>>> print(open('start-v8.txt').read())   # compact mmCIF, C-alpha atoms and all ligand atoms
# COMPACT_ATOMS: atom_id res chain seq x y z
CA MET A 1 49.20 -16.10 106.33
CA ARG A 2 49.69 -12.62 104.92
CA ALA A 3 46.60 -10.70 103.90
CA PRO A 4 46.39 -10.45 100.11
CA THR A 5 46.61 -7.29 98.05
CA PRO A 6 43.08 -6.50 96.82
CA SER A 7 42.14 -6.70 93.18
CA GLN A 8 41.09 -3.59 91.24
CA THR A 9 39.44 -3.34 87.85
CA ILE A 10 41.69 -3.35 84.80
CA GLY A 11 39.83 -0.20 83.68
CA PRO A 12 39.44 1.02 80.10
CA PHE A 13 43.02 2.03 79.26
CA TYR A 14 45.13 -1.14 79.49
CA GLY A 15 45.08 -1.43 75.70
CA TYR A 16 48.40 0.28 75.04
CA ALA A 17 50.13 -1.60 77.86
CA LEU A 18 49.11 -5.24 78.13
CA PRO A 19 48.26 -6.65 74.67
CA PHE A 20 51.25 -7.48 72.50
CA PRO A 21 51.66 -8.46 68.84
CA GLY A 22 51.01 -12.15 68.29
CA GLY A 23 49.43 -12.42 71.72
CA GLY A 24 46.96 -15.01 70.44
CA ASP A 25 49.43 -16.95 68.27
CA VAL A 26 50.54 -19.59 70.75
CA ALA A 27 50.97 -22.42 68.23
CA PRO A 28 54.40 -22.65 66.59
CA VAL A 29 54.37 -21.15 63.11
CA GLY A 30 53.00 -23.54 60.48
CA HIS A 31 52.27 -26.30 62.98
CA PRO A 32 49.95 -28.80 61.25
CA GLU A 33 47.96 -29.52 64.41
CA ALA A 34 47.21 -25.93 65.35
CA ILE A 35 43.64 -25.22 66.42
CA THR A 36 41.71 -21.98 66.53
CA VAL A 37 39.62 -21.09 69.56
CA ARG A 38 37.56 -17.97 69.29
CA GLY A 39 34.56 -16.43 70.91
CA ARG A 40 32.73 -13.33 71.97
CA VAL A 41 32.39 -11.85 75.40
CA TYR A 42 28.83 -10.69 76.20
CA ASP A 43 27.51 -8.56 79.04
CA GLY A 44 24.24 -9.01 80.93
CA ALA A 45 22.29 -7.17 78.23
CA GLY A 46 23.62 -9.54 75.58
CA GLU A 47 25.86 -6.84 74.11
CA PRO A 48 29.43 -7.67 73.02
CA VAL A 49 32.10 -6.41 75.44
CA PRO A 50 34.65 -4.50 73.33
CA ASP A 51 37.09 -3.77 76.14
CA ALA A 52 37.75 -7.13 77.76
CA LEU A 53 41.11 -8.85 77.99
CA VAL A 54 41.23 -12.62 77.62
CA GLU A 55 44.21 -14.67 78.76
CA THR A 56 44.54 -18.39 78.22
CA TRP A 57 46.97 -20.85 79.77
CA GLN A 58 47.18 -24.56 79.06
CA ALA A 59 49.28 -27.67 79.13
CA ALA A 60 51.45 -28.44 76.12
CA PRO A 61 50.30 -31.37 73.95
CA ASP A 62 52.83 -33.61 75.73
CA GLY A 63 51.20 -32.77 79.08
CA SER A 64 53.90 -30.41 80.29
CA LEU A 65 52.81 -27.51 82.48
CA ALA A 66 56.29 -26.02 82.70
CA GLY A 67 55.59 -23.35 80.09
CA GLU A 68 58.30 -21.49 78.18
CA PRO A 69 59.30 -17.84 78.31
CA GLY A 70 59.05 -15.66 75.23
CA SER A 71 55.37 -14.84 74.90
CA LEU A 72 56.05 -11.11 74.58
CA ARG A 73 59.63 -11.05 73.36
CA ARG A 74 60.96 -7.53 73.39
CA ASP A 75 63.32 -5.91 70.92
CA PRO A 76 66.24 -4.27 72.74
CA VAL A 77 67.14 -2.36 69.55
CA THR A 78 63.87 -0.50 68.98
CA GLY A 79 62.11 -0.98 72.31
CA GLY A 80 59.27 -2.64 70.40
CA PHE A 81 58.14 -6.23 70.26
CA LEU A 82 59.90 -8.97 68.32
CA GLY A 83 56.98 -11.38 68.38
CA ARG A 84 57.24 -14.96 69.55
CA ASN A 85 60.14 -16.96 68.12
CA GLY A 86 57.70 -19.20 66.25
CA VAL A 87 59.12 -22.38 67.75
CA ASP A 88 58.65 -22.47 71.52
CA PHE A 89 55.22 -23.26 72.95
CA THR A 90 54.70 -20.88 75.88
CA GLY A 91 51.15 -22.06 76.65
CA PHE A 92 50.10 -18.46 77.29
CA ALA A 93 47.91 -16.19 75.18
CA ARG A 94 46.69 -12.66 75.81
CA VAL A 95 44.13 -11.07 73.50
CA ALA A 96 42.01 -7.94 73.84
CA THR A 97 38.49 -8.29 72.49
CA ASP A 98 37.86 -6.32 69.29
CA ALA A 99 35.16 -3.71 68.71
CA ASP A 100 32.68 -6.56 68.26
CA GLY A 101 33.68 -8.32 71.47
CA GLN A 102 35.57 -11.09 69.74
CA TRP A 103 38.86 -12.77 70.65
CA VAL A 104 40.85 -15.43 68.78
CA VAL A 105 43.61 -17.74 69.99
CA ARG A 106 45.62 -20.02 67.67
CA THR A 107 47.16 -22.73 69.76
CA LEU A 108 47.94 -26.44 69.96
CA PRO A 109 45.33 -28.88 71.26
CA PRO A 110 45.64 -29.42 75.00
CA PRO A 111 46.43 -33.02 76.02
CA ALA A 112 43.66 -35.53 76.74
CA ALA A 113 44.49 -35.51 80.46
CA LEU A 114 44.06 -31.71 80.75
CA PRO A 115 41.75 -31.04 77.80
CA TYR A 116 41.06 -27.37 78.41
CA LEU A 117 42.32 -23.85 78.06
CA SER A 118 42.24 -22.09 81.39
CA VAL A 119 40.70 -18.69 80.69
CA CYS A 120 41.22 -15.56 82.78
CA LEU A 121 38.96 -12.64 81.91
CA PHE A 122 39.45 -8.97 82.74
CA ALA A 123 37.26 -6.01 81.77
CA ARG A 124 36.36 -2.48 82.62
CA GLY A 125 33.46 -2.79 85.05
CA LEU A 126 34.78 -6.08 86.41
CA THR A 127 36.27 -5.37 89.82
CA ARG A 128 38.12 -8.67 89.89
CA HIS A 129 39.10 -11.08 87.13
CA LEU A 130 37.09 -14.22 86.44
CA PHE A 131 38.40 -17.70 85.68
CA THR A 132 36.70 -20.25 83.50
CA ARG A 133 37.76 -23.17 81.32
CA ALA A 134 37.24 -23.82 77.63
CA TYR A 135 37.09 -27.61 77.29
CA VAL A 136 38.06 -28.87 73.88
CA ASP A 137 36.38 -31.99 72.43
CA GLY A 138 34.02 -32.48 75.36
CA GLY A 139 36.59 -32.83 78.12
CA ALA A 140 37.72 -36.01 79.84
CA ALA A 141 35.33 -38.54 81.42
CA GLY A 142 34.99 -37.97 85.15
CA ASP A 143 36.40 -34.43 85.03
CA ALA A 144 35.85 -32.97 88.52
CA VAL A 145 34.70 -29.57 87.30
CA LEU A 146 32.36 -30.77 84.55
CA SER A 147 30.82 -33.51 86.68
CA ALA A 148 30.10 -31.03 89.49
CA LEU A 149 27.74 -29.10 87.20
CA PRO A 150 24.14 -29.66 86.20
CA GLU A 151 23.67 -30.53 82.56
CA GLU A 152 22.29 -27.12 81.58
CA ARG A 153 25.32 -25.25 82.89
CA ARG A 154 28.01 -27.72 81.87
CA GLY A 155 27.65 -26.71 78.25
CA THR A 156 28.94 -23.21 78.98
CA LEU A 157 32.41 -24.71 79.50
CA LEU A 158 32.48 -26.76 76.31
CA ALA A 159 34.11 -25.16 73.29
CA ARG A 160 31.85 -25.88 70.33
CA THR A 161 33.36 -27.37 67.19
CA GLU A 162 32.69 -25.00 64.30
CA GLY A 163 34.93 -26.49 61.63
CA PRO A 164 38.05 -28.57 61.16
CA ARG A 165 40.38 -27.73 64.07
CA ALA A 166 38.21 -24.72 64.88
CA TYR A 167 36.29 -24.10 68.10
CA ARG A 168 34.02 -21.44 69.45
CA PHE A 169 33.88 -20.45 73.12
CA ASP A 170 31.61 -17.53 73.99
CA ILE A 171 31.67 -16.03 77.47
CA ARG A 172 28.46 -14.66 78.97
CA LEU A 173 29.17 -12.55 82.01
CA GLN A 174 25.59 -12.45 83.26
CA GLY A 175 22.06 -13.59 82.54
CA PRO A 176 20.72 -16.38 80.31
CA GLY A 177 23.43 -18.90 79.54
CA GLU A 178 25.75 -17.29 82.07
CA THR A 179 29.17 -18.92 81.85
CA VAL A 180 30.30 -21.02 84.80
CA PHE A 181 33.15 -19.19 86.52
CA LEU A 182 35.59 -20.90 88.83
CA ASP A 183 36.90 -20.11 92.31
CA PHE A 184 40.24 -21.70 93.03
CA GLY A 185 40.23 -20.86 96.72
CA THR A 186 41.38 -17.50 97.97
CA GLY A 187 41.39 -17.34 101.74
CA GLY A 188 37.77 -18.37 102.13
CA GLU A 189 36.55 -15.60 99.87
CA SER A 190 35.23 -15.69 96.40
CA MET B 191 20.75 11.57 84.43
CA ALA B 192 24.19 10.95 85.87
CA PRO B 193 24.16 10.40 89.63
CA THR B 194 25.68 13.04 91.86
CA GLN B 195 28.72 12.53 94.04
CA ASP B 196 26.43 12.67 97.09
CA GLU B 197 24.35 9.79 95.75
CA ILE B 198 27.45 7.73 94.97
CA SER B 199 28.99 8.59 98.34
CA ALA B 200 25.84 7.39 100.12
CA GLU B 201 26.05 4.07 98.26
CA ILE B 202 29.75 3.81 99.11
CA ALA B 203 28.98 4.39 102.79
CA ALA B 204 26.21 1.78 102.74
CA ALA B 205 28.53 -0.85 101.28
CA ARG B 206 31.24 -0.05 103.84
CA GLU B 207 28.74 -0.32 106.69
CA SER B 208 27.45 -3.61 105.39
CA THR B 209 31.01 -5.01 105.40
CA ALA B 210 31.71 -3.56 108.87
CA ARG B 211 28.58 -5.27 110.23
CA ALA B 212 29.56 -8.61 108.68
CA VAL B 213 33.06 -8.35 110.15
CA ALA B 214 31.68 -7.35 113.58
CA ALA B 215 29.49 -10.45 113.44
CA GLY B 216 32.62 -12.58 113.04
CA GLY B 217 32.98 -12.64 109.27
CA VAL B 218 36.35 -12.68 107.51
CA PRO B 219 37.20 -9.13 106.36
CA PRO B 220 36.97 -9.29 102.56
CA SER B 221 40.20 -8.40 100.77
CA HIS B 222 38.73 -8.17 97.29
CA PRO B 223 35.91 -6.09 95.90
CA GLY B 224 32.58 -7.72 95.34
CA ARG B 225 31.97 -8.00 91.60
CA ASP B 226 28.50 -6.58 92.09
CA TYR B 227 29.34 -3.12 93.38
CA PRO B 228 26.59 -0.64 92.40
CA PRO B 229 28.55 2.60 93.05
CA TYR B 230 30.84 1.55 90.18
CA ARG B 231 28.13 1.74 87.56
CA SER B 232 29.91 -0.29 84.86
CA SER B 233 29.83 -3.34 87.12
CA ALA B 234 26.04 -3.65 86.78
CA LEU B 235 25.98 -5.74 83.60
CA ARG B 236 29.45 -7.19 83.97
CA HIS B 237 29.26 -9.43 87.03
CA PRO B 238 27.99 -13.00 87.22
CA ARG B 239 24.78 -13.50 89.19
CA LYS B 240 25.33 -17.17 89.87
CA PRO B 241 27.82 -18.29 92.52
CA LEU B 242 31.26 -19.31 91.31
CA LEU B 243 32.06 -23.03 91.23
CA ARG B 244 34.58 -23.78 93.95
CA VAL B 245 37.36 -26.00 92.61
CA GLY B 246 39.22 -28.04 95.22
CA ALA B 247 43.01 -28.03 95.45
CA ASP B 248 44.40 -29.97 92.51
CA PRO B 249 48.13 -29.60 91.93
CA GLU B 250 47.67 -31.54 88.67
CA ALA B 251 45.32 -28.94 87.19
CA ALA B 252 46.64 -26.35 84.75
CA GLU B 253 45.80 -23.46 87.08
CA TRP B 254 48.16 -24.70 89.78
CA HIS B 255 50.93 -23.92 87.28
CA GLY B 256 51.25 -20.83 85.20
CA PRO B 257 52.94 -18.95 82.41
CA VAL B 258 56.63 -18.18 82.77
CA PHE B 259 58.59 -15.21 81.49
CA GLY B 260 62.28 -14.58 81.00
CA VAL B 261 64.99 -12.18 79.92
CA THR B 262 63.64 -12.10 76.37
CA ASP B 263 60.32 -10.68 77.60
CA ILE B 264 61.77 -7.42 78.89
CA THR B 265 64.42 -4.90 77.99
CA ALA B 266 66.47 -2.93 80.49
CA LEU B 267 64.65 0.31 79.63
CA ASP B 268 61.22 -1.18 80.31
CA ALA B 269 61.49 -0.47 84.04
CA ASP B 270 62.36 3.21 83.57
CA LEU B 271 59.34 5.02 82.18
CA THR B 272 61.26 8.30 82.13
CA ARG B 273 63.81 7.11 79.56
CA GLN B 274 61.64 5.65 76.82
CA HIS B 275 61.67 8.78 74.64
CA GLN B 276 64.25 11.30 73.48
CA GLY B 277 63.42 13.86 76.15
CA GLU B 278 62.48 13.81 79.80
CA PRO B 279 58.80 13.64 80.72
CA LEU B 280 57.17 16.42 82.71
CA GLY B 281 56.21 15.76 86.30
CA GLU B 282 57.54 14.70 89.64
CA ARG B 283 60.02 11.85 89.12
CA ILE B 284 59.43 8.90 91.46
CA THR B 285 60.70 5.43 92.19
CA VAL B 286 58.17 2.74 93.08
CA ALA B 287 59.68 -0.40 94.55
CA GLY B 288 58.64 -3.35 96.63
CA ARG B 289 58.42 -7.11 96.80
CA VAL B 290 55.96 -9.62 95.38
CA LEU B 291 55.15 -12.37 97.88
CA ASP B 292 52.70 -15.23 98.14
CA ARG B 293 50.40 -15.53 101.13
CA GLY B 294 52.98 -17.70 102.86
CA GLY B 295 55.48 -14.83 102.61
CA ARG B 296 57.60 -16.57 100.01
CA PRO B 297 59.08 -14.31 97.32
CA VAL B 298 57.65 -14.68 93.83
CA ARG B 299 60.82 -14.95 91.78
CA GLY B 300 61.48 -14.17 88.14
CA GLN B 301 57.89 -13.24 87.40
CA LEU B 302 56.49 -10.53 85.19
CA VAL B 303 55.30 -7.24 86.69
CA GLU B 304 53.60 -4.82 84.28
CA VAL B 305 52.49 -1.24 84.97
CA TRP B 306 50.59 1.44 83.11
CA GLN B 307 49.53 4.91 84.14
CA ALA B 308 48.43 8.38 83.14
CA ASN B 309 51.02 11.10 82.68
CA ALA B 310 51.63 13.89 85.18
CA SER B 311 48.62 15.78 83.81
CA GLY B 312 46.26 12.85 84.24
CA ARG B 313 46.08 11.79 80.58
CA TYR B 314 46.63 8.30 79.19
CA ALA B 315 48.43 7.79 75.89
CA HIS B 316 45.30 5.98 74.74
CA GLN B 317 43.14 7.16 71.87
CA ARG B 318 39.94 6.72 73.83
CA ASP B 319 41.12 8.95 76.68
CA GLN B 320 39.64 12.29 75.69
CA HIS B 321 40.35 14.09 78.97
CA PRO B 322 41.45 17.56 77.79
CA ALA B 323 44.78 17.47 79.59
CA PRO B 324 48.00 17.57 77.56
CA LEU B 325 49.69 14.46 76.24
CA ASP B 326 53.41 14.35 76.97
CA PRO B 327 55.50 13.42 73.91
CA HIS B 328 58.17 12.11 76.26
CA PHE B 329 55.94 9.81 78.28
CA THR B 330 53.97 6.73 77.31
CA GLY B 331 53.34 5.35 80.78
CA VAL B 332 53.99 1.63 80.23
CA GLY B 333 56.59 -0.43 82.07
CA ARG B 334 57.51 -3.99 82.89
CA CYS B 335 60.17 -5.90 84.78
CA LEU B 336 60.91 -9.32 86.21
CA THR B 337 61.08 -9.81 89.97
CA ASP B 338 64.51 -10.75 91.32
CA ASP B 339 65.42 -13.64 93.64
CA GLN B 340 63.94 -11.78 96.62
CA GLY B 341 60.74 -11.06 94.71
CA ALA B 342 61.74 -7.40 94.39
CA TYR B 343 60.63 -5.08 91.60
CA ALA B 344 61.37 -1.39 90.95
CA PHE B 345 60.17 1.22 88.48
CA THR B 346 61.24 4.78 87.79
CA THR B 347 58.42 6.94 86.52
CA VAL B 348 56.61 10.22 87.14
CA ARG B 349 53.78 10.64 89.57
CA PRO B 350 50.54 10.30 87.60
CA GLY B 351 47.87 13.00 87.78
CA ALA B 352 44.31 12.57 88.97
CA TYR B 353 41.76 12.45 86.15
CA PRO B 354 38.01 12.76 85.64
CA TRP B 355 35.76 9.94 84.46
CA ARG B 356 32.08 9.52 83.76
CA ASN B 357 30.82 7.23 86.47
CA HIS B 358 28.87 10.16 87.95
CA THR B 359 28.92 13.95 87.88
CA ASN B 360 32.28 15.36 88.95
CA ALA B 361 33.86 11.92 89.31
CA TRP B 362 37.66 12.01 89.73
CA ARG B 363 40.06 9.13 90.09
CA PRO B 364 42.78 9.55 92.71
CA ALA B 365 46.29 9.26 91.24
CA HIS B 366 47.14 5.60 90.71
CA ILE B 367 49.40 3.20 88.85
CA HIS B 368 47.85 0.07 87.34
CA PHE B 369 49.74 -3.17 88.10
CA SER B 370 49.48 -6.63 86.53
CA LEU B 371 51.16 -9.58 88.28
CA PHE B 372 51.75 -13.28 87.82
CA GLY B 373 52.57 -15.77 90.56
CA THR B 374 53.91 -19.29 90.44
CA ALA B 375 50.39 -20.49 89.65
CA PHE B 376 47.74 -19.01 87.34
CA THR B 377 45.40 -19.00 90.37
CA GLN B 378 47.50 -16.13 91.78
CA ARG B 379 46.95 -13.81 88.83
CA LEU B 380 46.34 -10.23 89.98
CA VAL B 381 45.49 -6.93 88.30
CA THR B 382 45.22 -4.03 90.68
CA GLN B 383 46.01 -0.35 91.25
CA MET B 384 48.50 1.36 93.56
CA TYR B 385 47.62 4.67 95.20
CA PHE B 386 49.63 7.45 96.84
CA PRO B 387 49.41 8.21 100.55
CA GLY B 388 47.11 10.96 101.75
CA ASP B 389 45.20 11.52 98.53
CA PRO B 390 42.09 13.61 99.34
CA LEU B 391 40.13 11.87 96.56
CA PHE B 392 40.09 8.46 98.30
CA PRO B 393 36.64 8.73 99.92
CA TYR B 394 34.95 9.83 96.69
CA ASP B 395 36.30 7.10 94.41
CA PRO B 396 34.05 4.06 93.89
CA ILE B 397 36.91 2.04 92.41
CA LEU B 398 39.16 2.25 95.47
CA GLN B 399 36.08 2.03 97.69
CA SER B 400 34.94 -1.14 95.93
CA VAL B 401 37.32 -2.66 98.48
CA THR B 402 34.90 -2.21 101.35
CA ASP B 403 37.20 -3.16 104.24
CA ALA B 404 39.39 -0.29 105.49
CA ALA B 405 42.42 -2.48 106.29
CA ALA B 406 42.26 -4.04 102.84
CA ARG B 407 42.01 -0.61 101.17
CA ALA B 408 45.10 0.49 103.09
CA ARG B 409 47.02 -2.33 101.40
CA LEU B 410 46.51 -0.56 98.05
CA VAL B 411 48.29 2.59 99.26
CA ALA B 412 52.06 2.87 98.88
CA ALA B 413 54.19 4.34 101.66
CA TYR B 414 56.57 7.22 101.15
CA ASP B 415 60.02 5.77 101.85
CA HIS B 416 62.84 8.28 102.18
CA ARG B 417 65.44 5.52 101.77
CA LEU B 418 64.09 4.93 98.27
CA SER B 419 64.40 8.61 97.37
CA THR B 420 67.55 9.43 95.44
CA PRO B 421 69.33 12.77 95.94
CA GLU B 422 68.66 15.38 93.25
CA ARG B 423 66.66 12.78 91.35
CA SER B 424 63.47 11.18 92.61
CA LEU B 425 61.10 10.52 95.50
CA GLY B 426 60.62 6.95 96.64
CA TYR B 427 57.50 4.93 97.36
CA ARG B 428 57.39 1.40 98.71
CA TRP B 429 54.57 -0.95 97.86
CA ASP B 430 54.70 -4.66 98.67
CA ILE B 431 52.24 -6.97 96.96
CA VAL B 432 50.82 -10.23 98.31
CA LEU B 433 49.29 -12.53 95.71
CA ASP B 434 46.15 -14.37 96.74
CA GLY B 435 45.27 -17.88 95.72
CA PRO B 436 47.08 -21.15 96.15
CA ALA B 437 50.69 -21.04 94.99
CA ALA B 438 52.33 -23.78 92.99
CA THR B 439 53.86 -26.47 95.17
CA LEU B 440 57.37 -25.21 95.73
CA PRO B 441 60.21 -26.27 98.00
CA ASP B 442 59.90 -25.03 101.58
CA PRO B 443 61.69 -21.66 101.76
CA GLU B 444 63.65 -22.86 104.82
CA GLU B 445 65.18 -25.62 102.73
CA ASP B 446 65.62 -23.43 99.73
CA HIS B 447 69.18 -22.19 100.21
FE FE A 501 43.55 4.47 85.55
>>> encode(input="start-v8.txt", output="structure tokens")
Amino acid sequence: MRAPTPSQTIGPFYGYALPFPGGGDVAPVGHPEAITVRGRVYDGAGEPVPDALVETWQAAPDGSLAGEPGSLRRDPVTGGFLGRNGVDFTGFARVATDADGQWVVRTLPPPAALPYLSVCLFARGLTRHLFTRAYVDGGAAGDAVLSALPEERRGTLLARTEGPRAYRFDIRLQGPGETVFLDFGTGGES
Amino acid sequence: MAPTQDEISAEIAAARESTARAVAAGGVPPSHPGRDYPPYRSSALRHPRKPLLRVGADPEAAEWHGPVFGVTDITALDADLTRQHQGEPLGERITVAGRVLDRGGRPVRGQLVEVWQANASGRYAHQRDQHPAPLDPHFTGVGRCLTDDQGAYAFTTVRPGAYPWRNHTNAWRPAHIHFSLFGTAFTQRLVTQMYFPGDPLFPYDPILQSVTDAAARARLVAAYDHRLSTPERSLGYRWDIVLDGPAATLPDPEEDH
């Protein structure tokens, strides 16, 4: 096995490089089943984190995990961004938190068999990204991740319904209500 | 009061010694930084205190697959950071090239590689970077490309400058290029920084030194490669990247021809 390249913090200045227009608009334009998932990222003092980057990845409603290209379609004429084509479902969102620490993703509901958005979080001050999951509608019965957790921590992975087709998923990096973060196995280290 | 370099350097040394002791006692040398790394002051309130939940291998889970990118997600000019404006940027023109592999040595094909960096003076084209070094109207410092069938990537750019930051008094970042990478699975996601060989700022920098194992730190430093230099044009650096984490289940490379 080759030794992996170490992680380094994303730092404060990724904002003109990584986010792209429509980064949170994963659902096809005008799709009647689109849902909104939004939340704030908080630090250990309970303050919003205004310079985090949130990425989400999920199965398509039909269960496919193949994804589609075109999340950050580029314009070869101007060198700018074209935006998504409004039809394909890439399954991938990338959103920088705003000045109040908030992020918003408009997507399609994940399928019942994989009822979550996989969330990857980057921030200045975070030496290595963190993974978590935002389960929509309570998750599936017998889910290996949810059932491995004590009741009081399980709730940190459940996106809360806050309206019709609207969910809230806050991420607490540290302290009371600290979000459960996931380790997918990286050479015996976490 | 902001800590001095001597105080930060003492903390850096303590963390390195702690890792060296653990490795000498038979521990696995850690490749990645700990998320709780006091010399990097911003980590204090931004790391979880509870242990992460270990998730067993599950090829059916979303994370064992990942986002895909294609020809629509890049333009040809995206990989040449020196040609994105009407004029040529100031600075020493360089080529940075290498391969993206998984831990099994298999090339990561057709995946997105993104870079961003300061200009030759050490200034980012970012409104919040108030370092009083000049902006360069001919340099933004953002690039992207897709890896080819061998997992290879290449960028043409200028060598970034070192720059100050406010972690402690007289804190300076060694010159570096930020990289963002995707593998065949979301578990392999990586954001990191590439450094240049022989930089005298290495021992003072708590971000590079957050990788507390010397061999692992060396993997963040590119090698000067004369074969990548082009006559009358640019100096070449080679930097290969190995993505951690379980890859998606793919055909055995031996059978993959
Ligand atoms: Fe930087």
>>> atom_distance(input="start-v8.txt", atom1="atom CA of Ala437 of chain B", atom2="atom CA of Gly295 of chain B")
10.9 Å
>>> residues_near_ligand(input="start-v8.txt", ligand="ligand FE 501 (chain A)", cutoff="10 Å", atoms="only C-alpha atoms and all ligand atoms", output="list in words")
Thr9, Ile10, Gly11, Pro12, Phe13 and Tyr14 of chain A; Trp306, Gln307, Ala308, Gly312, Arg313, Tyr314, Pro350, Gly351, Ala352, Tyr353, Pro354, Trp355, Arg363, Pro364, Ala365, His366, Ile367, His368, Gln383, Met384 and Ile397 of chain B
>>> closest_residue(input="start-v8.txt", among="B:Thr347, B:Thr337, B:Thr402, B:Thr330", to="Gln276 of chain B", atoms="all atoms listed in the file")
B:Thr330
>>> residues_around(input="start-v8.txt", residues="Tyr427 of chain B", least_positions_apart="6", cutoff="9 Å", atoms="all atoms listed in the file", output="PyMOL selection string")
chain B and resi 284-288+386+412-416+418-419
>>> atom_distance(input="start-v8.txt", atom1="atom CA of Gly15 of chain A", atom2="atom CA of Arg273 of chain B")
20.9 Å
>>> closest_atom_pairs(input="start-v8.txt", of="segment 261-311 of chain B", to="segment 77-83 of chain A", cutoff="9 Å", atoms="only C-alpha atoms", output="CSV")
residue,atom,partner,partner_atom,distance
B:Asp263,CA,A:Phe81,CA,8.9
B:Thr265,CA,A:Gly79,CA,7.3
B:Leu267,CA,A:Gly79,CA,7.9
B:Asp268,CA,A:Gly79,CA,8.1
B:Gln274,CA,A:Gly79,CA,8.0
>>> closest_residue(input="start-v8.txt", among="B:Arg417, B:Gly256, B:Ser311, B:Leu271", to="Cys120 of chain A", atoms="only C-alpha atoms")
B:Gly256
>>> residues_around(input="start-v8.txt", residues="Gln8 of chain A", least_positions_apart="6", cutoff="10 Å", atoms="all atoms listed in the file", output="PDB file with C-alpha atoms, keeping the file's coordinate frame")
ATOM      1  CA  ARG A 124      36.360  -2.480  82.620  1.00  0.00           C
ATOM      2  CA  GLY A 125      33.460  -2.790  85.050  1.00  0.00           C
ATOM      3  CA  LEU A 126      34.780  -6.080  86.410  1.00  0.00           C
ATOM      4  CA  THR A 127      36.270  -5.370  89.820  1.00  0.00           C
ATOM      5  CA  ARG A 128      38.120  -8.670  89.890  1.00  0.00           C
ATOM      6  CA  HIS A 129      39.100 -11.080  87.130  1.00  0.00           C
TER       7      HIS A 129
ATOM      8  CA  HIS B 222      38.730  -8.170  97.290  1.00  0.00           C
ATOM      9  CA  PRO B 223      35.910  -6.090  95.900  1.00  0.00           C
ATOM     10  CA  HIS B 368      47.850   0.070  87.340  1.00  0.00           C
ATOM     11  CA  PHE B 369      49.740  -3.170  88.100  1.00  0.00           C
ATOM     12  CA  LEU B 380      46.340 -10.230  89.980  1.00  0.00           C
ATOM     13  CA  VAL B 381      45.490  -6.930  88.300  1.00  0.00           C
ATOM     14  CA  THR B 382      45.220  -4.030  90.680  1.00  0.00           C
ATOM     15  CA  GLN B 383      46.010  -0.350  91.250  1.00  0.00           C
ATOM     16  CA  MET B 384      48.500   1.360  93.560  1.00  0.00           C
ATOM     17  CA  ILE B 397      36.910   2.040  92.410  1.00  0.00           C
ATOM     18  CA  LEU B 398      39.160   2.250  95.470  1.00  0.00           C
ATOM     19  CA  GLN B 399      36.080   2.030  97.690  1.00  0.00           C
ATOM     20  CA  SER B 400      34.940  -1.140  95.930  1.00  0.00           C
ATOM     21  CA  VAL B 401      37.320  -2.660  98.480  1.00  0.00           C
ATOM     22  CA  LEU B 410      46.510  -0.560  98.050  1.00  0.00           C
TER      23      LEU B 410
END
>>> atom_distance(input="start-v8.txt", atom1="atom CA of Val290 of chain B", atom2="atom CA of Arg379 of chain B")
11.9 Å
